[in-house]
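Dumped run_12.cif below, it's mmCIF, C-alpha atoms:
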```cif
data_protein
#
loop_
_atom_site.label_atom_id
_atom_site.label_comp_id
_atom_site.auth_asym_id
_atom_site.auth_seq_id
_atom_site.Cartn_x
_atom_site.Cartn_y
_atom_site.Cartn_z
CA PRO A 1 68.54 -198.27 39.80
CA GLU A 2 67.80 -201.29 37.63
CA ALA A 3 67.73 -199.24 34.41
CA TRP A 4 71.03 -197.62 35.37
CA ASP A 5 72.70 -200.91 36.30
CA TRP A 6 71.43 -202.79 33.26
CA SER A 7 72.32 -200.03 30.78
CA LEU A 8 75.79 -199.52 32.25
CA ARG A 9 76.57 -203.25 32.19
CA ALA A 10 75.38 -203.46 28.58
CA ALA A 11 77.43 -200.40 27.65
CA ARG A 12 80.59 -201.83 29.15
CA ARG A 13 80.07 -205.21 27.49
CA ALA A 14 79.62 -203.56 24.09
CA ASP A 15 82.58 -201.26 24.77
CA GLY A 16 84.74 -204.24 25.66
CA ARG A 17 84.02 -205.99 22.39
CA ALA A 18 84.55 -202.76 20.38
CA ALA A 19 80.89 -202.48 19.34
CA MET A 20 81.02 -198.72 19.62
CA ALA A 21 77.61 -197.87 18.14
CA ASP A 22 75.91 -200.22 20.63
CA ALA A 23 78.07 -198.97 23.50
CA LEU A 24 77.12 -195.39 22.71
CA THR A 25 73.41 -196.26 22.76
CA PHE A 26 73.69 -197.96 26.16
CA TYR A 27 75.83 -195.17 27.66
CA ARG A 28 73.11 -192.72 26.60
CA GLN A 29 70.52 -194.85 28.33
CA ALA A 30 72.65 -195.16 31.46
CA LEU A 31 73.14 -191.41 31.79
CA ALA A 32 69.43 -190.79 31.21
CA ALA A 33 68.58 -193.29 33.96
CA GLY A 34 71.25 -191.86 36.24
CA ALA A 35 69.65 -188.43 36.04
CA HIS A 36 66.81 -189.83 38.17
CA LEU A 37 69.12 -191.18 40.88
CA PRO A 38 69.92 -188.30 43.26
CA ASP A 39 72.19 -190.47 45.44
CA LEU A 40 74.44 -191.50 42.55
CA PRO A 41 77.93 -190.13 43.28
CA VAL A 42 78.99 -187.22 41.09
CA SER A 43 82.27 -188.97 40.33
CA VAL A 44 80.41 -191.96 38.87
CA ARG A 45 78.25 -189.74 36.66
CA ALA A 46 81.36 -187.91 35.50
CA GLU A 47 83.28 -191.09 34.71
CA VAL A 48 80.42 -192.54 32.67
CA ALA A 49 79.90 -189.26 30.79
CA GLU A 50 83.62 -189.10 29.99
CA ARG A 51 83.67 -192.66 28.68
CA MET A 52 80.59 -191.90 26.60
CA GLY A 53 82.52 -188.99 25.11
CA ASP A 54 85.45 -191.27 24.31
CA VAL A 55 83.16 -193.80 22.64
CA ALA A 56 81.31 -191.10 20.69
CA GLU A 57 84.60 -189.72 19.39
CA ILE A 58 85.69 -193.18 18.23
CA ALA A 59 82.25 -193.80 16.70
CA GLY A 60 82.53 -190.63 14.61
CA GLU A 61 79.97 -188.59 16.56
CA PRO A 62 81.87 -185.40 17.43
CA GLY A 63 78.80 -183.45 18.52
CA GLU A 64 77.83 -186.13 20.99
CA ALA A 65 81.42 -186.39 22.20
CA ARG A 66 81.50 -182.65 22.91
CA ALA A 67 78.20 -182.83 24.81
CA ALA A 68 79.35 -185.80 26.91
CA TYR A 69 82.67 -184.16 27.77
CA ALA A 70 80.83 -180.97 28.71
CA GLU A 71 78.58 -182.96 31.06
CA ALA A 72 81.58 -184.63 32.64
CA ARG A 73 83.26 -181.24 33.15
CA ARG A 74 80.16 -179.90 34.88
CA HIS A 75 80.25 -182.79 37.32
CA TRP A 76 83.96 -182.34 38.09
CA ARG A 77 83.88 -178.52 38.25
CA GLY A 78 85.12 -177.36 41.65
CA GLN A 79 86.16 -180.88 42.62
CA SER A 80 88.96 -182.05 40.34
CA PRO A 81 91.01 -179.56 38.30
CA LEU A 82 92.99 -182.54 37.02
CA ALA A 83 89.87 -184.15 35.53
CA VAL A 84 88.64 -180.83 34.10
CA GLY A 85 92.02 -180.25 32.47
CA ARG A 86 91.98 -183.73 30.96
CA LEU A 87 88.47 -183.21 29.60
CA CYS A 88 89.45 -179.88 28.05
CA ARG A 89 92.28 -181.68 26.26
CA LYS A 90 89.87 -184.33 24.99
CA GLN A 91 87.47 -181.65 23.80
CA GLY A 92 90.37 -180.01 21.98
CA TYR A 93 91.18 -183.32 20.30
CA VAL A 94 87.62 -183.54 18.96
CA ASP A 95 88.02 -180.05 17.46
CA GLU A 96 91.45 -180.95 16.09
CA LYS A 97 90.08 -184.03 14.35
CA THR A 98 87.17 -182.09 12.87
CA ASP A 99 89.52 -179.40 11.46
CA SER A 100 88.49 -176.72 13.94
CA MET A 101 92.08 -175.78 14.69
CA SER A 102 91.39 -172.45 16.39
CA GLY A 103 88.93 -174.21 18.70
CA ALA A 104 91.45 -176.93 19.43
CA LEU A 105 94.11 -174.40 20.39
CA ARG A 106 91.69 -172.64 22.75
CA TRP A 107 90.81 -175.91 24.47
CA TYR A 108 94.46 -176.90 24.87
CA ARG A 109 95.27 -173.52 26.38
CA ARG A 110 92.29 -173.88 28.70
CA SER A 111 93.49 -177.34 29.70
CA ALA A 112 96.82 -175.85 30.75
CA ARG A 113 95.07 -173.15 32.81
CA GLU A 114 92.80 -175.66 34.55
CA LEU A 115 95.73 -177.90 35.42
CA GLU A 116 97.50 -175.06 37.21
CA ALA A 117 94.96 -175.49 40.02
CA ALA A 118 95.60 -179.24 40.34
CA PRO A 119 97.96 -180.58 43.02
CA GLU A 120 101.57 -180.73 41.91
CA GLY A 121 102.82 -184.16 41.01
CA PRO A 122 103.35 -186.66 38.21
CA GLU A 123 99.65 -186.84 37.24
CA ARG A 124 99.40 -183.11 36.68
CA GLU A 125 102.63 -183.05 34.71
CA ARG A 126 101.49 -185.99 32.58
CA GLU A 127 98.24 -184.25 31.68
CA ALA A 128 100.01 -180.95 31.01
CA ARG A 129 102.55 -182.70 28.79
CA ARG A 130 99.82 -184.32 26.71
CA ALA A 131 98.03 -181.00 26.27
CA ARG A 132 101.27 -179.36 25.14
CA ILE A 133 101.89 -182.16 22.64
CA ARG A 134 98.38 -181.73 21.19
CA TYR A 135 98.99 -178.00 20.94
CA GLY A 136 102.10 -178.76 18.91
CA ALA A 137 100.09 -181.25 16.84
CA THR A 138 97.61 -178.55 15.95
CA ARG A 139 100.41 -176.26 14.81
CA ILE A 140 101.68 -179.08 12.61
CA HIS A 141 98.21 -179.55 11.12
CA GLN A 142 98.23 -175.82 10.37
CA GLY A 143 101.45 -176.28 8.36
CA ARG A 144 103.63 -174.57 10.95
CA TYR A 145 106.11 -177.42 10.92
CA ALA A 146 109.10 -175.78 12.58
CA GLU A 147 107.06 -174.49 15.51
CA GLY A 148 105.12 -177.73 15.86
CA ARG A 149 108.22 -179.88 15.72
CA ARG A 150 109.92 -177.76 18.40
CA LEU A 151 106.89 -177.87 20.72
CA VAL A 152 106.53 -181.64 20.39
CA ALA A 153 110.25 -182.46 20.57
CA ASP A 154 110.56 -180.41 23.77
CA GLU A 155 108.29 -182.91 25.52
CA ILE A 156 110.26 -186.07 24.74
CA GLU A 157 112.85 -185.85 27.51
CA GLY A 158 110.21 -185.41 30.22
CA ALA A 159 108.09 -188.18 28.76
CA GLU A 160 111.07 -190.55 28.76
CA ARG A 161 111.89 -189.71 32.39
CA ALA A 162 108.27 -190.41 33.34
CA SER A 163 108.00 -193.54 31.15
CA ASP A 164 104.97 -191.87 29.57
CA ASP A 165 104.55 -194.10 26.53
CA GLU A 166 101.30 -192.43 25.48
CA ALA A 167 103.05 -189.07 25.19
CA LEU A 168 106.06 -190.67 23.50
CA GLY A 169 103.90 -192.50 20.97
CA GLN A 170 102.00 -189.34 20.09
CA ALA A 171 105.17 -187.27 19.91
CA PHE A 172 106.97 -189.67 17.57
CA THR A 173 103.84 -190.00 15.41
CA LEU A 174 103.80 -186.23 14.95
CA LEU A 175 107.54 -185.99 14.35
CA GLU A 176 107.23 -188.69 11.69
CA ILE A 177 104.61 -186.54 9.93
CA VAL A 178 106.86 -183.48 9.97
CA ALA A 179 109.88 -185.46 8.80
CA ALA A 180 107.87 -186.95 5.93
CA GLU A 181 106.53 -183.55 4.89
CA THR A 182 109.91 -181.82 5.05
CA GLY A 183 112.10 -184.66 3.77
CA ALA A 184 114.06 -184.93 7.01
CA ALA A 185 116.41 -187.88 7.37
CA ASP A 186 115.12 -188.99 10.78
CA ARG A 187 111.65 -190.06 9.61
CA GLN A 188 112.32 -193.79 10.00
CA GLU A 189 113.73 -193.31 13.49
CA PHE A 190 110.51 -191.61 14.59
CA GLU A 191 108.46 -194.37 12.98
CA GLU A 192 110.34 -197.08 14.83
CA ARG A 193 110.33 -195.30 18.19
CA GLY A 194 106.62 -194.54 17.90
CA ILE A 195 105.76 -198.16 17.13
CA GLU A 196 107.84 -199.29 20.11
CA ALA A 197 106.07 -196.86 22.47
CA PHE A 198 102.58 -197.82 21.36
CA ARG A 199 103.39 -201.53 21.55
CA ARG A 200 104.69 -201.16 25.09
CA LEU A 201 101.50 -199.31 25.98
CA GLY A 202 99.19 -201.70 24.13
CA ASP A 203 97.59 -198.72 22.38
CA ARG A 204 96.04 -200.19 19.24
CA ARG A 205 94.47 -196.92 18.17
CA GLY A 206 97.74 -194.99 18.38
CA LEU A 207 99.49 -197.80 16.54
CA ALA A 208 96.82 -197.82 13.81
CA ILE A 209 97.19 -194.07 13.25
CA LEU A 210 100.96 -194.35 13.08
CA HIS A 211 100.79 -197.24 10.58
CA LEU A 212 98.34 -195.19 8.50
CA ASN A 213 100.69 -192.22 8.45
CA VAL A 214 103.72 -194.34 7.65
CA GLY A 215 101.77 -196.01 4.85
CA GLY A 216 101.13 -192.58 3.41
CA SER A 217 104.82 -191.70 3.68
CA ALA A 218 105.77 -194.94 1.94
CA THR A 219 103.25 -194.25 -0.84
CA ASN A 220 104.69 -190.80 -1.44
CA GLU A 221 108.20 -192.26 -1.57
CA GLY A 222 107.19 -195.01 -4.02
CA ARG A 223 107.71 -197.84 -1.52
CA VAL A 224 104.60 -199.74 -2.53
CA THR A 225 105.28 -202.95 -0.59
CA ASP A 226 105.93 -201.02 2.62
CA ALA A 227 102.81 -198.94 2.04
CA GLU A 228 100.65 -202.05 1.64
CA ARG A 229 102.11 -203.60 4.77
CA HIS A 230 101.46 -200.52 6.91
CA PHE A 231 97.95 -199.94 5.52
CA ALA A 232 97.09 -203.60 6.18
CA ALA A 233 98.31 -203.28 9.77
CA ALA A 234 96.31 -200.07 10.24
CA ALA A 235 93.16 -201.69 8.82
CA ASP A 236 93.47 -204.69 11.13
CA LEU A 237 93.96 -202.53 14.21
CA ALA A 238 91.10 -200.20 13.32
CA ALA A 239 88.80 -203.21 12.99
CA GLN A 240 89.94 -204.58 16.35
CA ILE A 241 88.97 -201.39 18.18
CA GLY A 242 85.76 -200.74 16.25
CA HIS A 243 86.95 -197.40 14.87
CA ALA A 244 84.79 -197.11 11.74
CA ASN A 245 86.03 -193.66 10.72
CA LEU A 246 89.68 -194.67 10.96
CA ALA A 247 88.94 -197.86 9.03
CA ALA A 248 87.31 -195.80 6.27
CA ILE A 249 90.32 -193.48 6.05
CA VAL A 250 92.65 -196.48 5.79
CA ALA A 251 90.44 -198.02 3.09
CA ASN A 252 90.51 -194.79 1.10
CA ASN A 253 94.30 -194.63 1.27
CA ARG A 254 94.65 -198.26 0.23
CA ALA A 255 92.22 -197.70 -2.63
CA ASP A 256 94.30 -194.76 -3.87
CA LEU A 257 97.38 -196.95 -3.79
CA TYR A 258 95.61 -199.70 -5.73
CA CYS A 259 94.35 -197.22 -8.34
CA ASP A 260 97.92 -196.01 -8.88
CA GLN A 261 98.80 -199.64 -9.64
CA GLY A 262 95.83 -200.15 -11.94
CA ARG A 263 94.12 -202.49 -9.45
CA TYR A 264 90.74 -200.83 -9.89
CA GLY A 265 88.60 -203.81 -8.91
CA GLU A 266 90.35 -204.18 -5.55
CA ALA A 267 90.10 -200.44 -4.99
CA GLU A 268 86.36 -200.47 -5.67
CA THR A 269 85.85 -203.39 -3.28
CA LEU A 270 87.63 -201.52 -0.48
CA LEU A 271 85.62 -198.35 -1.02
CA VAL A 272 82.31 -200.21 -1.09
CA GLN A 273 83.20 -202.02 2.14
CA ALA A 274 84.06 -198.69 3.78
CA LEU A 275 80.63 -197.19 3.06
#
```

Represent the structure contained in this file as structure tokens.
Amino acid sequence: PEAWDWSLRAARRADGRAAMADALTFYRQALAAGAHLPDLPVSVRAEVAERMGDVAEIAGEPGEARAAYAEARRHWRGQSPLAVGRLCRKQGYVDEKTDSMSGALRWYRRSARELEAAPEGPEREREARRARIRYGATRIHQGRYAEGRRLVADEIEGAERASDDEALGQAFTLLEIVAAETGAADRQEFEERGIEAFRRLGDRRGLAILHLNVGGSATNEGRVTDAERHFAAAADLAAQIGHANLAAIVANNRADLYCDQGRYGEAETLLVQAL
């Protein structure tokens, strides 16, 4: 019990201060210790495994994230279809972010099937909505913009009725991408509504990703000052949450912008810091 308690406290402290590499180490230790505690509730094991998966995904360890989510699903199997459906969605997100789009689509479809067995109500609908939005996101990443935009836009009304700011933030982030890629006139509207949703939610990661995307849109449109402002915001938010991979992507985008301006020294400094 002492190894479990100590490791879990250490993991949560590191998690709270966005020290994701340390948090991941301590979550590993906690789960290893928990394996020797037969009286530990299954729900507790599942919750810790799921959080370890979240931390591993943020820390840029997709293989470990998949394994942790799989462990959490095993614990919840037969007990909580809602939790299993949520974990399938998270597993799909890991595939989506590692460019395994066919895998992501399978996981999102599986999430929808698992959720059918969950009790009807707002929680089930919220999880189902988020899985449908990620399915649309994957279509967008595949270049199927019309289909992806339709799938995502169809979820906005329900998300607004439910005050589901996470779904709204994700939806507007994706619609901003499509608008930027297709030259649609409503790009700025999606940018503004996405920022509002993530700010209401306090979701720094979602906000960082949106600022990163908008910075890219501004770069492509030649709005250098706007691009710098959004990249700087994304970099600050990524640092706050300890998301090293996201910070590196932001640094790479800023470095490209600086190179276009002939600011090679600043670009090199950013890239070295991102290593």

Close residues, Gly215 of chain A itself excluded, 12 Å, only C-alpha atoms, min 3 positions apart in chain, as a ChimeraX atom specification = /A:176-177,180,188,191,208-212,218-235,249-254,256-257

Polymer residues at most 8 Å from Leu174 of chain A, only C-alpha atoms, same-chain spacing of 2 or more positions, as a PDB file with C-alpha atoms, in the frame of the given file:
```
ATOM      1  CA  ALA A 137     100.090-181.250  16.840  1.00  0.00           C
ATOM      2  CA  ILE A 140     101.680-179.080  12.610  1.00  0.00           C
ATOM      3  CA  ARG A 149     108.220-179.880  15.720  1.00  0.00           C
ATOM      4  CA  VAL A 152     106.530-181.640  20.390  1.00  0.00           C
ATOM      5  CA  GLN A 170     102.000-189.340  20.090  1.00  0.00           C
ATOM      6  CA  ALA A 171     105.170-187.270  19.910  1.00  0.00           C
ATOM      7  CA  PHE A 172     106.970-189.670  17.570  1.00  0.00           C
ATOM      8  CA  GLU A 176     107.230-188.690  11.690  1.00  0.00           C
ATOM      9  CA  ILE A 177     104.610-186.540   9.930  1.00  0.00           C
ATOM     10  CA  VAL A 178     106.860-183.480   9.970  1.00  0.00           C
TER      11      VAL A 178
END
```

Residues picked by the PyMOL selection byres ((chain A and resi 114) around 8) here, as number ranges by chain?
-> A: 81-82, 84-85, 110-113, 115-118

Write the residues you've just listed into a file as a tab-separated table (two decimals), keeping the file's coordinate frame, and include C-alpha atoms for each of them.
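Contents of part-v8.tsv, freshly written:
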```tsv
chain	number	residue	atom	x	y	z
A	81	PRO	CA	91.01	-179.56	38.30
A	82	LEU	CA	92.99	-182.54	37.02
A	84	VAL	CA	88.64	-180.83	34.10
A	85	GLY	CA	92.02	-180.25	32.47
A	110	ARG	CA	92.29	-173.88	28.70
A	111	SER	CA	93.49	-177.34	29.70
A	112	ALA	CA	96.82	-175.85	30.75
A	113	ARG	CA	95.07	-173.15	32.81
A	115	LEU	CA	95.73	-177.90	35.42
A	116	GLU	CA	97.50	-175.06	37.21
A	117	ALA	CA	94.96	-175.49	40.02
A	118	ALA	CA	95.60	-179.24	40.34
```

Closest of A:Gly216, A:Gly53, A:Gly169, A:Gly92 to Tyr69 of chain A - atom-to-atom distances counting only C-alpha atoms =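 Comparing A:Gly216, A:Gly53, A:Gly169, A:Gly92 against Tyr69 of chain A, the winner is A:Gly53.
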
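Coordinates place atom CA of Ala3 of chain A at a distance of 14.2 Å from atom CA of Pro38 of chain A.
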
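Closest to Ala19 of chain A among A:Val55, A:Ala184, A:Leu246, A:Ala49 is A:Val55, based on all atoms listed in the file.
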
For this file, the PyMOL selection byres ((chain A and resi 7) around 9) selects which residues, as a list in words?
->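 Those residues are Glu2, Ala3, Trp4, Asp5, Trp6, Leu8, Arg9, Ala10, Ala11, Arg12, Thr25, Phe26, Tyr27, Arg28, Gln29, Ala30, Leu31 and Ala33 of chain A.
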
Mind giving me the straight-line distance from atom CA of Ala197 of chain A to atom CA of Ala167 of chain A in Å, one decimal?
->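 Those two atoms sit 8.8 Å apart.
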
In terms of the shortest atom-to-atom distance over only C-alpha atoms, which of A:Tyr135, A:Ala59, A:Glu157, A:Leu168 is closest to Ala248 of chain A?
->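 The answer is A:Ala59, which sits nearest to Ala248 of chain A.
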